[in-house]
$ cat target22.pdb   # PDB, C-alpha atoms and all ligand atoms
ATOM      1  CA  MET L 130     -22.156 -10.196 -20.489
ATOM      2  CA  LEU L 131     -22.581 -13.911 -19.897
ATOM      3  CA  THR L 132     -19.622 -16.167 -20.778
ATOM      4  CA  ILE L 133     -20.322 -19.852 -21.325
ATOM      5  CA  ALA L 134     -17.600 -22.449 -21.862
ATOM      6  CA  LEU L 135     -18.894 -25.255 -24.060
ATOM      7  CA  THR L 136     -17.106 -28.574 -23.886
ATOM      8  CA  GLY L 137     -17.580 -32.295 -24.481
ATOM      9  CA  GLY L 138     -15.648 -35.341 -25.625
ATOM     10  CA  ILE L 139     -14.554 -35.985 -29.194
ATOM     11  CA  GLY L 140     -17.557 -36.250 -31.489
ATOM     12  CA  SER L 141     -20.085 -35.378 -28.785
ATOM     13  CA  GLY L 142     -21.603 -32.700 -31.033
ATOM     14  CA  LYS L 143     -19.926 -29.437 -29.987
ATOM     15  CA  THR L 144     -19.880 -28.128 -33.559
ATOM     16  CA  ALA L 145     -23.489 -29.223 -34.149
ATOM     17  CA  VAL L 146     -24.472 -27.326 -30.977
ATOM     18  CA  THR L 147     -22.560 -24.117 -31.775
ATOM     19  CA  ASP L 148     -23.970 -24.170 -35.340
ATOM     20  CA  LEU L 149     -27.485 -24.437 -33.896
ATOM     21  CA  PHE L 150     -26.887 -21.627 -31.377
ATOM     22  CA  GLN L 151     -25.741 -19.441 -34.255
ATOM     23  CA  GLU L 152     -28.738 -20.363 -36.426
ATOM     24  CA  ILE L 153     -31.241 -19.827 -33.588
ATOM     25  CA  ALA L 154     -29.660 -16.489 -32.547
ATOM     26  CA  ALA L 155     -29.691 -15.312 -36.176
ATOM     27  CA  GLN L 156     -33.457 -15.895 -36.301
ATOM     28  CA  SER L 157     -34.105 -14.221 -32.936
ATOM     29  CA  GLU L 158     -35.053 -10.615 -32.234
ATOM     30  CA  HIS L 159     -31.459  -9.770 -31.345
ATOM     31  CA  PRO L 160     -29.099 -11.641 -33.687
ATOM     32  CA  GLU L 161     -26.183  -9.502 -32.511
ATOM     33  CA  CYS L 162     -26.494 -10.712 -28.895
ATOM     34  CA  LEU L 163     -24.457 -13.912 -29.425
ATOM     35  CA  THR L 164     -20.815 -14.501 -30.358
ATOM     36  CA  ILE L 165     -19.154 -17.899 -30.644
ATOM     37  CA  ILE L 166     -15.424 -18.267 -30.049
ATOM     38  CA  ASP L 167     -13.818 -21.564 -31.041
ATOM     39  CA  ALA L 168     -10.524 -22.565 -29.381
ATOM     40  CA  ASP L 169      -9.737 -25.112 -32.127
ATOM     41  CA  THR L 170     -10.145 -22.460 -34.821
ATOM     42  CA  ILE L 171      -7.840 -20.093 -32.919
ATOM     43  CA  ALA L 172      -5.191 -22.840 -32.590
ATOM     44  CA  ARG L 173      -5.445 -23.607 -36.318
ATOM     45  CA  GLU L 174      -5.139 -19.912 -37.196
ATOM     46  CA  LEU L 175      -2.086 -19.513 -34.953
ATOM     47  CA  LEU L 176      -0.351 -22.366 -36.757
ATOM     48  CA  ALA L 177      -1.360 -21.163 -40.222
ATOM     49  CA  GLY L 178       1.193 -18.349 -40.348
ATOM     50  CA  SER L 179       4.522 -18.381 -42.129
ATOM     51  CA  LEU L 180       8.073 -18.116 -40.829
ATOM     52  CA  LYS L 181       8.883 -15.845 -43.754
ATOM     53  CA  GLU L 182       6.115 -13.244 -43.373
ATOM     54  CA  SER L 183       6.184 -11.589 -39.930
ATOM     55  CA  PRO L 184       5.693 -14.869 -38.026
ATOM     56  CA  ASN L 185       3.454 -14.824 -34.956
ATOM     57  CA  ASP L 186       4.609 -16.042 -31.516
ATOM     58  CA  ALA L 187       3.242 -19.557 -32.093
ATOM     59  CA  ILE L 188       5.145 -20.061 -35.339
ATOM     60  CA  LYS L 189       8.369 -18.718 -33.800
ATOM     61  CA  ALA L 190       8.007 -20.960 -30.744
ATOM     62  CA  VAL L 191       7.258 -24.077 -32.845
ATOM     63  CA  HIS L 192      10.325 -23.327 -34.954
ATOM     64  CA  GLN L 193      12.468 -22.910 -31.873
ATOM     65  CA  MET L 194      11.117 -26.061 -30.209
ATOM     66  CA  PHE L 195      10.923 -28.487 -33.137
ATOM     67  CA  GLY L 196      13.425 -27.103 -35.638
ATOM     68  CA  PRO L 197      13.296 -26.243 -39.366
ATOM     69  CA  GLU L 198      12.537 -29.819 -40.492
ATOM     70  CA  LEU L 199       8.918 -29.314 -39.423
ATOM     71  CA  PHE L 200       8.531 -26.476 -41.951
ATOM     72  CA  THR L 201       7.965 -26.487 -45.700
ATOM     73  CA  SER L 202      10.288 -24.548 -47.991
ATOM     74  CA  ALA L 203       7.630 -21.807 -48.087
ATOM     75  CA  GLY L 204       8.038 -21.385 -44.306
ATOM     76  CA  GLN L 205       4.736 -22.971 -43.280
ATOM     77  CA  ILE L 206       4.236 -25.747 -40.767
ATOM     78  CA  ASP L 207       4.050 -29.104 -42.519
ATOM     79  CA  ARG L 208       0.756 -30.423 -41.117
ATOM     80  CA  THR L 209       1.461 -34.071 -41.967
ATOM     81  CA  GLN L 210       4.857 -33.947 -40.230
ATOM     82  CA  LEU L 211       3.333 -32.206 -37.232
ATOM     83  CA  ARG L 212       0.592 -34.822 -36.915
ATOM     84  CA  SER L 213       3.005 -37.743 -37.094
ATOM     85  CA  LEU L 214       5.321 -36.065 -34.585
ATOM     86  CA  ILE L 215       2.470 -35.629 -32.117
ATOM     87  CA  PHE L 216       1.178 -39.161 -32.600
ATOM     88  CA  SER L 217       4.650 -40.679 -32.251
ATOM     89  CA  SER L 218       5.580 -38.987 -28.985
ATOM     90  CA  LYS L 219       3.516 -38.100 -25.940
ATOM     91  CA  THR L 220       6.256 -35.707 -24.769
ATOM     92  CA  ARG L 221       6.269 -33.868 -28.102
ATOM     93  CA  LYS L 222       2.463 -33.618 -27.947
ATOM     94  CA  GLN L 223       2.643 -32.150 -24.427
ATOM     95  CA  GLN L 224       5.358 -29.714 -25.525
ATOM     96  CA  LEU L 225       3.240 -28.468 -28.402
ATOM     97  CA  GLU L 226       0.185 -28.127 -26.163
ATOM     98  CA  SER L 227       2.067 -26.225 -23.463
ATOM     99  CA  LEU L 228       3.279 -23.831 -26.112
ATOM    100  CA  LEU L 229      -0.053 -23.407 -27.842
ATOM    101  CA  HIS L 230      -2.605 -23.367 -25.009
ATOM    102  CA  PRO L 231      -1.447 -20.111 -23.322
ATOM    103  CA  LEU L 232      -1.512 -18.368 -26.717
ATOM    104  CA  VAL L 233      -5.009 -19.663 -27.433
ATOM    105  CA  TYR L 234      -6.240 -18.464 -24.003
ATOM    106  CA  GLN L 235      -4.602 -15.060 -24.544
ATOM    107  CA  LYS L 236      -6.562 -14.709 -27.769
ATOM    108  CA  ILE L 237      -9.795 -15.852 -26.070
ATOM    109  CA  ASP L 238      -9.245 -13.308 -23.252
ATOM    110  CA  SER L 239      -8.547 -10.414 -25.596
ATOM    111  CA  THR L 240     -11.596 -11.284 -27.732
ATOM    112  CA  ILE L 241     -13.853 -11.412 -24.650
ATOM    113  CA  THR L 242     -12.442  -8.082 -23.385
ATOM    114  CA  ALA L 243     -13.171  -6.460 -26.746
ATOM    115  CA  LEU L 244     -16.700  -7.947 -26.855
ATOM    116  CA  ALA L 245     -17.418  -6.678 -23.320
ATOM    117  CA  GLN L 246     -17.144  -3.111 -24.677
ATOM    118  CA  GLN L 247     -20.031  -3.748 -27.057
ATOM    119  CA  THR L 248     -23.329  -3.316 -25.255
ATOM    120  CA  THR L 249     -25.231  -5.330 -27.869
ATOM    121  CA  ASN L 250     -23.207  -8.483 -27.226
ATOM    122  CA  THR L 251     -24.660 -10.183 -24.193
ATOM    123  CA  ILE L 252     -23.809 -13.876 -24.641
ATOM    124  CA  VAL L 253     -20.423 -15.342 -25.551
ATOM    125  CA  ILE L 254     -20.076 -19.090 -26.024
ATOM    126  CA  ILE L 255     -16.495 -20.303 -26.036
ATOM    127  CA  SER L 256     -16.050 -23.798 -27.438
ATOM    128  CA  ILE L 257     -13.088 -25.391 -25.640
ATOM    129  CA  PRO L 258     -12.788 -29.156 -26.198
ATOM    130  CA  LEU L 259      -9.994 -29.479 -23.602
ATOM    131  CA  LEU L 260     -11.549 -27.188 -20.963
ATOM    132  CA  PHE L 261     -10.925 -29.516 -18.006
ATOM    133  CA  GLU L 262      -7.639 -30.896 -19.327
ATOM    134  CA  THR L 263      -6.267 -27.315 -19.337
ATOM    135  CA  ASN L 264      -7.772 -26.388 -15.937
ATOM    136  CA  THR L 265      -9.486 -23.279 -17.233
ATOM    137  CA  GLU L 266     -13.049 -24.048 -16.181
ATOM    138  CA  ASN L 267     -13.127 -21.319 -13.489
ATOM    139  CA  GLN L 268     -12.657 -18.468 -15.949
ATOM    140  CA  PHE L 269     -16.228 -18.533 -17.241
ATOM    141  CA  ASP L 270     -19.693 -17.809 -15.833
ATOM    142  CA  ARG L 271     -21.115 -21.186 -16.834
ATOM    143  CA  ILE L 272     -20.008 -24.548 -18.149
ATOM    144  CA  LEU L 273     -22.113 -26.292 -20.780
ATOM    145  CA  VAL L 274     -21.322 -29.943 -21.448
ATOM    146  CA  VAL L 275     -22.470 -31.768 -24.582
ATOM    147  CA  ASP L 276     -22.842 -35.390 -23.584
ATOM    148  CA  ILE L 277     -23.278 -38.712 -25.384
ATOM    149  CA  PRO L 278     -22.444 -42.304 -24.390
ATOM    150  CA  VAL L 279     -19.024 -43.619 -25.474
ATOM    151  CA  GLU L 280     -20.554 -46.165 -27.914
ATOM    152  CA  LEU L 281     -22.310 -43.349 -29.759
ATOM    153  CA  GLN L 282     -19.106 -41.269 -29.786
ATOM    154  CA  ILE L 283     -17.336 -44.152 -31.496
ATOM    155  CA  ALA L 284     -20.172 -44.718 -33.982
ATOM    156  CA  ARG L 285     -20.489 -41.038 -34.981
ATOM    157  CA  ILE L 286     -16.750 -40.381 -35.231
ATOM    158  CA  SER L 287     -16.015 -43.512 -37.251
ATOM    159  CA  GLN L 288     -18.820 -42.537 -39.640
ATOM    160  CA  ARG L 289     -17.544 -38.925 -39.891
ATOM    161  CA  ASP L 290     -13.791 -39.544 -40.052
ATOM    162  CA  HIS L 291     -13.636 -43.147 -41.328
ATOM    163  CA  CYS L 292     -11.100 -44.076 -38.671
ATOM    164  CA  SER L 293     -10.762 -47.195 -36.549
ATOM    165  CA  SER L 294     -12.558 -47.619 -33.239
ATOM    166  CA  SER L 295      -9.208 -48.381 -31.569
ATOM    167  CA  LEU L 296      -7.867 -44.933 -32.567
ATOM    168  CA  ILE L 297     -11.087 -43.290 -31.343
ATOM    169  CA  ASN L 298     -10.838 -45.206 -28.062
ATOM    170  CA  LYS L 299      -7.269 -43.989 -27.677
ATOM    171  CA  ILE L 300      -8.388 -40.369 -28.096
ATOM    172  CA  ILE L 301     -11.346 -40.844 -25.722
ATOM    173  CA  ASN L 302      -9.009 -42.325 -23.104
ATOM    174  CA  SER L 303      -6.617 -39.369 -23.442
ATOM    175  CA  GLN L 304      -9.469 -36.974 -22.566
ATOM    176  CA  VAL L 305     -11.055 -36.342 -19.174
ATOM    177  CA  ASP L 306     -13.685 -38.994 -18.388
ATOM    178  CA  ARG L 307     -17.373 -38.474 -19.060
ATOM    179  CA  GLN L 308     -18.461 -38.412 -15.402
ATOM    180  CA  SER L 309     -15.892 -35.718 -14.422
ATOM    181  CA  ARG L 310     -17.213 -33.501 -17.184
ATOM    182  CA  LEU L 311     -20.802 -34.014 -16.039
ATOM    183  CA  ASP L 312     -19.840 -33.367 -12.388
ATOM    184  CA  HIS L 313     -18.571 -29.888 -13.307
ATOM    185  CA  ALA L 314     -21.379 -28.883 -15.663
ATOM    186  CA  ASP L 315     -23.881 -26.108 -14.961
ATOM    187  CA  ASP L 316     -25.872 -27.127 -18.025
ATOM    188  CA  ILE L 317     -25.904 -30.422 -19.942
ATOM    189  CA  ILE L 318     -27.132 -31.136 -23.443
ATOM    190  CA  ASP L 319     -27.846 -34.824 -23.945
ATOM    191  CA  ASN L 320     -27.092 -35.296 -27.665
ATOM    192  CA  SER L 321     -27.955 -38.967 -27.909
ATOM    193  CA  GLY L 322     -31.168 -38.224 -29.809
ATOM    194  CA  THR L 323     -31.861 -36.916 -33.300
ATOM    195  CA  LEU L 324     -30.689 -33.583 -34.735
ATOM    196  CA  GLU L 325     -34.307 -32.341 -34.503
ATOM    197  CA  GLU L 326     -34.302 -33.112 -30.774
ATOM    198  CA  LEU L 327     -30.965 -31.326 -30.452
ATOM    199  CA  HIS L 328     -32.446 -28.265 -32.150
ATOM    200  CA  LEU L 329     -35.250 -28.077 -29.562
ATOM    201  CA  LYS L 330     -32.790 -28.437 -26.664
ATOM    202  CA  VAL L 331     -30.474 -25.720 -27.997
ATOM    203  CA  ALA L 332     -33.425 -23.385 -28.648
ATOM    204  CA  SER L 333     -34.630 -23.738 -25.079
ATOM    205  CA  LEU L 334     -31.104 -23.233 -23.673
ATOM    206  CA  PHE L 335     -30.713 -20.129 -25.845
ATOM    207  CA  GLN L 336     -33.876 -18.664 -24.264
ATOM    208  CA  TYR L 337     -32.528 -19.512 -20.812
ATOM    209  CA  TYR L 338     -29.162 -17.846 -21.532
ATOM    210  CA  CYS L 339     -30.970 -14.757 -22.870
ATOM    211  CA  SER L 340     -32.911 -14.490 -19.610
ATOM    212  CA  LEU L 341     -29.706 -14.902 -17.543
ATOM    213  CA  ALA L 342     -27.833 -12.339 -19.647
ATOM    214  CA  HIS L 343     -30.730  -9.926 -19.201
ATOM    215  CA  LYS L 344     -30.493 -10.215 -15.398
ATOM    216  CA  ASN L 345     -26.694  -9.655 -15.366
TER
HETATM  217  P1  LIG L 401     -14.838 -33.004 -32.425
HETATM  218  O1  LIG L 401     -14.624 -33.319 -30.987
HETATM  219  O2  LIG L 401     -14.177 -33.993 -33.324
HETATM  220  O3  LIG L 401     -14.531 -31.571 -32.771
HETATM  221  P2  LIG L 401     -17.657 -32.381 -32.178
HETATM  222  O4  LIG L 401     -17.853 -32.544 -30.708
HETATM  223  O5  LIG L 401     -17.603 -30.985 -32.705
HETATM  224  O6  LIG L 401     -16.427 -33.218 -32.716
HETATM  225  P3  LIG L 401     -19.641 -32.847 -34.218
HETATM  226  O7  LIG L 401     -18.667 -32.741 -35.342
HETATM  227  O8  LIG L 401     -20.604 -31.736 -34.006
HETATM  228  O9  LIG L 401     -18.868 -33.180 -32.846
HETATM  229  O10 LIG L 401     -20.480 -34.197 -34.323
HETATM  230  C1  LIG L 401     -19.816 -35.429 -34.604
HETATM  231  C2  LIG L 401     -20.564 -36.148 -35.738
HETATM  232  O11 LIG L 401     -21.837 -36.544 -35.266
HETATM  233  C3  LIG L 401     -20.813 -35.252 -36.952
HETATM  234  O12 LIG L 401     -20.718 -36.028 -38.112
HETATM  235  C4  LIG L 401     -22.245 -34.764 -36.734
HETATM  236  O13 LIG L 401     -22.909 -34.454 -37.947
HETATM  237  C5  LIG L 401     -22.871 -35.958 -36.057
HETATM  238  N1  LIG L 401     -23.946 -35.595 -35.105
HETATM  239  C6  LIG L 401     -23.911 -34.663 -34.136
HETATM  240  N2  LIG L 401     -25.070 -34.653 -33.445
HETATM  241  C7  LIG L 401     -25.849 -35.590 -34.010
HETATM  242  C8  LIG L 401     -27.180 -36.074 -33.757
HETATM  243  N3  LIG L 401     -27.917 -35.587 -32.763
HETATM  244  N4  LIG L 401     -27.645 -37.067 -34.542
HETATM  245  C9  LIG L 401     -26.906 -37.589 -35.536
HETATM  246  N5  LIG L 401     -25.650 -37.198 -35.835
HETATM  247  C10 LIG L 401     -25.134 -36.216 -35.072
END
$ encode --input "target22.pdb" --output "structure tokens"
Amino acid sequence: MLTIALTGGIGSGKTAVTDLFQEIAAQSEHPECLTIIDADTIARELLAGSLKESPNDAIKAVHQMFGPELFTSAGQIDRTQLRSLIFSSKTRKQQLESLLHPLVYQKIDSTITALAQQTTNTIVIISIPLLFETNTENQFDRILVVDIPVELQIARISQRDHCSSSLINKIINSQVDRQSRLDHADDIIDNSGTLEELHLKVASLFQYYCSLAHKN
């Protein structure tokens, strides 16, 4: 089984790329060969539990670290409060990340272990926006970086999220820089072109990954 960590800066097109991989695999001869794991989705799911109904480790740890005021009366994490807490304090943000990241990686590991038992599953793409920031790049067979220039990142994110370019710049500056990502990449998708061009690039990379997985 071939494991590929997919990463890239905010708004580089990670979701567009994983959606295309899924679409292209679904139309291939072996639709069951590809699985996508998304670290952001896992983190969201971990925080979606409730304190009142057999809370998972993430919910318990957030409660212990940040106290009951971060929870609604129904026992769920108050997303708005959590967001403002993270934005108001770098320390709080780091605390939450150090609590959450090991749990996310545990879930990724256990999912990969389970997939490795299935002979039909030969390619696993794990989307991890903060791959380099969490020093986990050595755990995977390949690293795929989705890359666009900073100006395009700002343009696409402000169009998608309707937020200010200063906020986007702040997020970009909190992430690893573009060149470091590129320096560590085995494969790079330049997503500065159209969505049609992206489709062609993803289709050709999918063929390449199929040939690598076949050799493994
Ligand atoms: P985030 O880091 O916020 O999770 P992301 O890396 O997953 O973002 P996407 O959401 O896939 O990025 O793309 C960001 C925005 O740019 C979206 O609105 C998407 O539709 C658009 N986009 C992605 N690729 C292209 C492209 N080649 N041409 C035009 N728009 C694009």
$ closest_atom_pairs --input "target22.pdb" --of "chain L" --to "ligand LIG 401 (chain L)" --cutoff "7 Å" --atoms "all atoms listed in the file" --output "JSON lines"
{"residue": "L:Gly137", "atom": "CA", "partner": "L:LIG401", "partner_atom": "O4", "distance": 6.2}
{"residue": "L:Gly138", "atom": "CA", "partner": "L:LIG401", "partner_atom": "O1", "distance": 5.8}
{"residue": "L:Ile139", "atom": "CA", "partner": "L:LIG401", "partner_atom": "O1", "distance": 3.2}
{"residue": "L:Gly140", "atom": "CA", "partner": "L:LIG401", "partner_atom": "O6", "distance": 3.5}
{"residue": "L:Ser141", "atom": "CA", "partner": "L:LIG401", "partner_atom": "O4", "distance": 4.1}
{"residue": "L:Gly142", "atom": "CA", "partner": "L:LIG401", "partner_atom": "O8", "distance": 3.3}
{"residue": "L:Lys143", "atom": "CA", "partner": "L:LIG401", "partner_atom": "O4", "distance": 3.8}
{"residue": "L:Thr144", "atom": "CA", "partner": "L:LIG401", "partner_atom": "O8", "distance": 3.7}
{"residue": "L:Ala145", "atom": "CA", "partner": "L:LIG401", "partner_atom": "O8", "distance": 3.8}
{"residue": "L:Val146", "atom": "CA", "partner": "L:LIG401", "partner_atom": "O8", "distance": 6.6}
{"residue": "L:Pro258", "atom": "CA", "partner": "L:LIG401", "partner_atom": "O1", "distance": 6.6}
{"residue": "L:Arg285", "atom": "CA", "partner": "L:LIG401", "partner_atom": "O11", "distance": 4.7}
{"residue": "L:Ile286", "atom": "CA", "partner": "L:LIG401", "partner_atom": "C2", "distance": 5.7}
{"residue": "L:Gln288", "atom": "CA", "partner": "L:LIG401", "partner_atom": "O12", "distance": 7.0}
{"residue": "L:Arg289", "atom": "CA", "partner": "L:LIG401", "partner_atom": "O12", "distance": 4.7}
{"residue": "L:Asn320", "atom": "CA", "partner": "L:LIG401", "partner_atom": "N3", "distance": 5.2}
{"residue": "L:Ser321", "atom": "CA", "partner": "L:LIG401", "partner_atom": "N3", "distance": 5.9}
{"residue": "L:Gly322", "atom": "CA", "partner": "L:LIG401", "partner_atom": "N3", "distance": 5.1}
{"residue": "L:Thr323", "atom": "CA", "partner": "L:LIG401", "partner_atom": "N3", "distance": 4.2}
{"residue": "L:Leu324", "atom": "CA", "partner": "L:LIG401", "partner_atom": "N3", "distance": 3.9}
{"residue": "L:Leu327", "atom": "CA", "partner": "L:LIG401", "partner_atom": "N3", "distance": 5.7}
$ atom_distance --input "target22.pdb" --atom1 "atom CA of Ser287 of chain L" --atom2 "atom CA of Ile318 of chain L"
21.6 Å
$ closest_residue --input "target22.pdb" --among "L:Gln282, L:Asn250, L:Thr263, L:Gln151" --to "Gln223 of chain L" --atoms "all atoms listed in the file"
L:Thr263
$ closest_residue --input "target22.pdb" --among "L:Ile301, L:Ala190, L:Ile254, L:Ala177" --to "Gln205 of chain L" --atoms "all atoms listed in the file"
L:Ala177
$ closest_residue --input "target22.pdb" --among "L:Asp167, L:Asp276, L:Glu326, L:Glu226" --to "Gln308 of chain L" --atoms "all atoms listed in the file"
L:Asp276
$ closest_residue --input "target22.pdb" --among "L:Thr248, L:Tyr234, L:Arg307, L:Arg208" --to "Gln268 of chain L" --atoms "only C-alpha atoms"
L:Tyr234
$ resolve_selection --input "target22.pdb" --expression "the PyMOL selection byres (((chain L and resi 328-342) around 10) and not hetatm)" --output "ChimeraX atom specification"
/L:130-133,145-154,157,159,162-163,250-253,271,273,316-320,323-327,343-345
$ residues_near_point --input "target22.pdb" --point "(5.9, -28.7, -42.6)" --cutoff "12 Å" --atoms "all atoms listed in the file" --output "ChimeraX atom specification"
/L:176-180,188,191-192,195-214
$ residues_near_point --input "target22.pdb" --point "(-4.3, -15.9, -34.3)" --cutoff "12 Å" --atoms "all atoms listed in the file" --output "MDAnalysis selection string"
chainID L and resid 167:178 184:188 229 232:237 239:240
$ closest_residue --input "target22.pdb" --among "L:Asn302, L:Ser218, L:Thr249, L:Asn267" --to "Ala314 of chain L" --atoms "all atoms listed in the file"
L:Asn267
$ closest_residue --input "target22.pdb" --among "L:Ser293, L:Ile300, L:His313, L:Leu281" --to "Asn264 of chain L" --atoms "all atoms listed in the file"
L:His313
$ atom_distance --input "target22.pdb" --atom1 "atom CA of Ile283 of chain L" --atom2 "atom CA of Asn298 of chain L"
7.4 Å
$ atom_distance --input "target22.pdb" --atom1 "atom CA of Ser217 of chain L" --atom2 "atom CA of Phe261 of chain L"
23.9 Å
$ build_atoms --input "target22.pdb" --residues "segment 199-216 of chain L" --atoms "N, CA, C and O atoms" --output "mmCIF file, in the frame of the given file"
data_model
loop_
_atom_site.group_PDB
_atom_site.id
_atom_site.type_symbol
_atom_site.label_atom_id
_atom_site.label_comp_id
_atom_site.auth_asym_id
_atom_site.auth_seq_id
_atom_site.Cartn_x
_atom_site.Cartn_y
_atom_site.Cartn_z
ATOM 1 N N LEU L 199 10.377 -29.251 -39.508
ATOM 2 C CA LEU L 199 8.918 -29.314 -39.423
ATOM 3 C C LEU L 199 8.257 -28.307 -40.370
ATOM 4 O O LEU L 199 7.040 -28.236 -40.477
ATOM 5 N N PHE L 200 9.081 -27.537 -41.094
ATOM 6 C CA PHE L 200 8.531 -26.476 -41.951
ATOM 7 C C PHE L 200 8.751 -26.787 -43.427
ATOM 8 O O PHE L 200 9.749 -27.415 -43.805
ATOM 9 N N THR L 201 7.813 -26.330 -44.249
ATOM 10 C CA THR L 201 7.965 -26.487 -45.700
ATOM 11 C C THR L 201 8.953 -25.424 -46.197
ATOM 12 O O THR L 201 9.289 -24.489 -45.449
ATOM 13 N N SER L 202 9.345 -25.532 -47.454
ATOM 14 C CA SER L 202 10.288 -24.548 -47.991
ATOM 15 C C SER L 202 9.658 -23.158 -48.064
ATOM 16 O O SER L 202 10.351 -22.146 -48.060
ATOM 17 N N ALA L 203 8.317 -23.107 -48.072
ATOM 18 C CA ALA L 203 7.630 -21.807 -48.087
ATOM 19 C C ALA L 203 7.529 -21.196 -46.685
ATOM 20 O O ALA L 203 6.999 -20.113 -46.506
ATOM 21 N N GLY L 204 8.023 -21.935 -45.667
ATOM 22 C CA GLY L 204 8.038 -21.385 -44.306
ATOM 23 C C GLY L 204 6.796 -21.697 -43.496
ATOM 24 O O GLY L 204 6.594 -21.160 -42.409
ATOM 25 N N GLN L 205 5.942 -22.618 -44.038
ATOM 26 C CA GLN L 205 4.736 -22.971 -43.280
ATOM 27 C C GLN L 205 4.916 -24.300 -42.561
ATOM 28 O O GLN L 205 5.731 -25.127 -42.987
ATOM 29 N N ILE L 206 4.137 -24.480 -41.494
ATOM 30 C CA ILE L 206 4.236 -25.747 -40.767
ATOM 31 C C ILE L 206 3.698 -26.869 -41.657
ATOM 32 O O ILE L 206 2.621 -26.738 -42.245
ATOM 33 N N ASP L 207 4.476 -27.942 -41.746
ATOM 34 C CA ASP L 207 4.050 -29.104 -42.519
ATOM 35 C C ASP L 207 3.098 -29.920 -41.631
ATOM 36 O O ASP L 207 3.518 -30.577 -40.687
ATOM 37 N N ARG L 208 1.808 -29.819 -41.957
ATOM 38 C CA ARG L 208 0.756 -30.423 -41.117
ATOM 39 C C ARG L 208 0.926 -31.937 -40.942
ATOM 40 O O ARG L 208 0.701 -32.476 -39.863
ATOM 41 N N THR L 209 1.314 -32.609 -42.033
ATOM 42 C CA THR L 209 1.461 -34.071 -41.967
ATOM 43 C C THR L 209 2.596 -34.435 -41.011
ATOM 44 O O THR L 209 2.453 -35.323 -40.169
ATOM 45 N N GLN L 210 3.711 -33.714 -41.126
ATOM 46 C CA GLN L 210 4.857 -33.947 -40.230
ATOM 47 C C GLN L 210 4.464 -33.677 -38.780
ATOM 48 O O GLN L 210 4.837 -34.419 -37.878
ATOM 49 N N LEU L 211 3.726 -32.591 -38.590
ATOM 50 C CA LEU L 211 3.333 -32.206 -37.232
ATOM 51 C C LEU L 211 2.456 -33.294 -36.612
ATOM 52 O O LEU L 211 2.668 -33.705 -35.474
ATOM 53 N N ARG L 212 1.499 -33.788 -37.411
ATOM 54 C CA ARG L 212 0.592 -34.822 -36.915
ATOM 55 C C ARG L 212 1.361 -36.084 -36.544
ATOM 56 O O ARG L 212 1.161 -36.657 -35.481
ATOM 57 N N SER L 213 2.293 -36.493 -37.409
ATOM 58 C CA SER L 213 3.005 -37.743 -37.094
ATOM 59 C C SER L 213 3.939 -37.550 -35.897
ATOM 60 O O SER L 213 4.123 -38.462 -35.089
ATOM 61 N N LEU L 214 4.468 -36.351 -35.753
ATOM 62 C CA LEU L 214 5.321 -36.065 -34.585
ATOM 63 C C LEU L 214 4.511 -36.187 -33.291
ATOM 64 O O LEU L 214 4.936 -36.823 -32.322
ATOM 65 N N ILE L 215 3.319 -35.620 -33.320
ATOM 66 C CA ILE L 215 2.470 -35.629 -32.117
ATOM 67 C C ILE L 215 2.011 -37.046 -31.782
ATOM 68 O O ILE L 215 1.989 -37.463 -30.633
ATOM 69 N N PHE L 216 1.648 -37.800 -32.845
ATOM 70 C CA PHE L 216 1.178 -39.161 -32.600
ATOM 71 C C PHE L 216 2.301 -40.095 -32.170
ATOM 72 O O PHE L 216 2.076 -41.083 -31.495
#
